[in-house]
Amino acid sequence: MKKAILATKVGMTQIFKEDGSLVPVTVLQAGPCVVTQIKTVENDGYSAVQVGYVDKKEKIINKDKNGKKTVIHAHGVNKAQKGHFEKAGVSCKRYIREFKFENADEYTLGGEIKADIFAEGDKIDATAITKGKGFQGAIRKNGQHRGPMAHGSKFHRHQGSNGSSSDPSRVFKGKGMPGHMGSLKVTIQNLEVVRVDAEKNLILVKGAIPGPKKGLVTIKETVKVEA
């Protein structure tokens, strides 16, 4: 992998290509990200680049005798993390991710990574956390069929027989049960970059990408190689 970037999901829309075809796209606010650490084989045992995305708001937590307020650290960032960002010469960031780049030595500490690292026609993999649906029953979660809805029926939206009484006297592994739905890490592979706006740091990707609006999305060049 030689390039990747962090982005937030703006929403979906549709655009027309030059040939007049209509394309549904997901709009991503990609970067700018900053390099917060460069890991080398000599120091860390492997080569990678750590990047930060989205500034954290600073929080005033100290006053001197004269009532003067001073900023000690950003909200949610301890002294060790603050020192880590200061060493890189960047502001405190909300999201930190690490990428194992083959060309990690080409990056500089504190340098910016912008949307223009990708171009129209590039193939990417997008990783995000899907929308959480909370606790759901077996019908919605697993697509199971409901039972009779008549008054005499005592089986409406139940998931069915679980273990019976004497045989098999256990619940089989993989049985569809009610439970937490969504909020899973999902990667959609081989998506196409339709358009890149370098000035506004926007990337338009063909199709849908998991997660809600304003959700964090990791964009990497695809691992699939077309024959």
# chains A, B, ... in the order shown; residues from 1 in each chain; ligands from 1

$ residues_around --residues "Arg94 in chain A" --least-positions-apart "6" --cutoff "6 Å" --atoms "only C-alpha atoms" --output "PyMOL selection string"
chain A and resi 54-56

$ write_last_selection --atoms "N, CA, C and O atoms" --output "PDB file, in the first residue's frame"
ATOM      1  N   VAL A  54      -8.862  15.740  12.044  1.00  0.00           N
ATOM      2  CA  VAL A  54      -9.860  16.556  12.757  1.00  0.00           C
ATOM      3  C   VAL A  54      -9.279  17.097  14.071  1.00  0.00           C
ATOM      4  O   VAL A  54      -8.890  16.335  14.957  1.00  0.00           O
ATOM      5  N   ASP A  55      -9.216  18.418  14.168  1.00  0.00           N
ATOM      6  CA  ASP A  55      -8.689  19.071  15.365  1.00  0.00           C
ATOM      7  C   ASP A  55      -9.619  18.877  16.555  1.00  0.00           C
ATOM      8  O   ASP A  55     -10.845  18.828  16.412  1.00  0.00           O
ATOM      9  N   LYS A  56      -9.015  18.770  17.740  1.00  0.00           N
ATOM     10  CA  LYS A  56      -9.784  18.719  18.977  1.00  0.00           C
ATOM     11  C   LYS A  56      -9.865  20.117  19.579  1.00  0.00           C
ATOM     12  O   LYS A  56      -8.902  20.882  19.512  1.00  0.00           O
TER      13      LYS A  56
END

$ residues_around --residues "Ile15 in chain A" --least-positions-apart "4" --cutoff "10 Å" --atoms "only C-alpha atoms" --output "VMD selection string"
chain A and resid 20 to 25 194 to 195 204 206

$ write_last_selection --atoms "N, CA and C atoms" --output "compact mmCIF listing (two decimals), in the first residue's frame"
# COMPACT_ATOMS: atom_id res chain seq x y z
N GLY A 20 -23.02 11.57 -20.33
CA GLY A 20 -24.43 11.75 -20.02
C GLY A 20 -25.01 10.74 -19.07
N SER A 21 -24.23 9.75 -18.65
CA SER A 21 -24.73 8.73 -17.74
C SER A 21 -24.83 9.28 -16.32
N LEU A 22 -25.87 8.83 -15.59
CA LEU A 22 -26.11 9.26 -14.23
C LEU A 22 -25.44 8.29 -13.26
N VAL A 23 -24.64 8.83 -12.31
CA VAL A 23 -23.89 7.99 -11.39
C VAL A 23 -24.23 8.38 -9.95
N PRO A 24 -24.71 7.44 -9.13
CA PRO A 24 -24.91 7.73 -7.70
C PRO A 24 -23.56 7.72 -6.99
N VAL A 25 -23.29 8.72 -6.17
CA VAL A 25 -21.99 8.84 -5.52
C VAL A 25 -22.14 9.16 -4.04
N VAL A 194 -14.95 8.67 -8.66
CA VAL A 194 -15.57 9.30 -9.83
C VAL A 194 -15.02 10.71 -10.05
N ARG A 195 -14.80 11.43 -8.95
CA ARG A 195 -14.32 12.82 -9.08
C ARG A 195 -13.57 13.22 -7.82
N LEU A 204 -15.48 11.97 -4.49
CA LEU A 204 -16.77 11.39 -4.84
C LEU A 204 -16.56 9.95 -5.28
N LYS A 206 -18.18 6.21 -6.35
CA LYS A 206 -19.36 5.58 -6.95
C LYS A 206 -19.97 4.56 -5.99

$ residues_around --residues "range 33-46 of chain A" --least-positions-apart "3" --cutoff "12 Å" --atoms "only C-alpha atoms" --output "VMD selection string"
chain A and resid 4 to 8 29 to 30 49 to 55 81 to 117 201 218

$ select_by_dssp --residues "range 133-167 of chain A" --states "helix (DSSP H, G or I)" --output "list of chain:residue names"
A:Ala138, A:Ile139, A:Arg140, A:Lys141, A:Asn142

$ closest_residue --among "A:Leu191, A:Asn142, A:Gly132, A:Phe172" --to "Ala208 in chain A" --atoms "only C-alpha atoms"
A:Leu191

$ select_by_dssp --residues "range 16-219 of chain A" --states "strand (DSSP E or B)" --output "ChimeraX atom specification"
/A:16,22-30,33-39,48-55,58-63,69-74,93-99,112-113,123-129,132-136,179-182,185-197,202-206,216-219

$ closest_residue --among "A:Pro168, A:Pro210, A:Gly160, A:Gly182" --to "Ala126 in chain A" --atoms "only C-alpha atoms"
A:Pro210
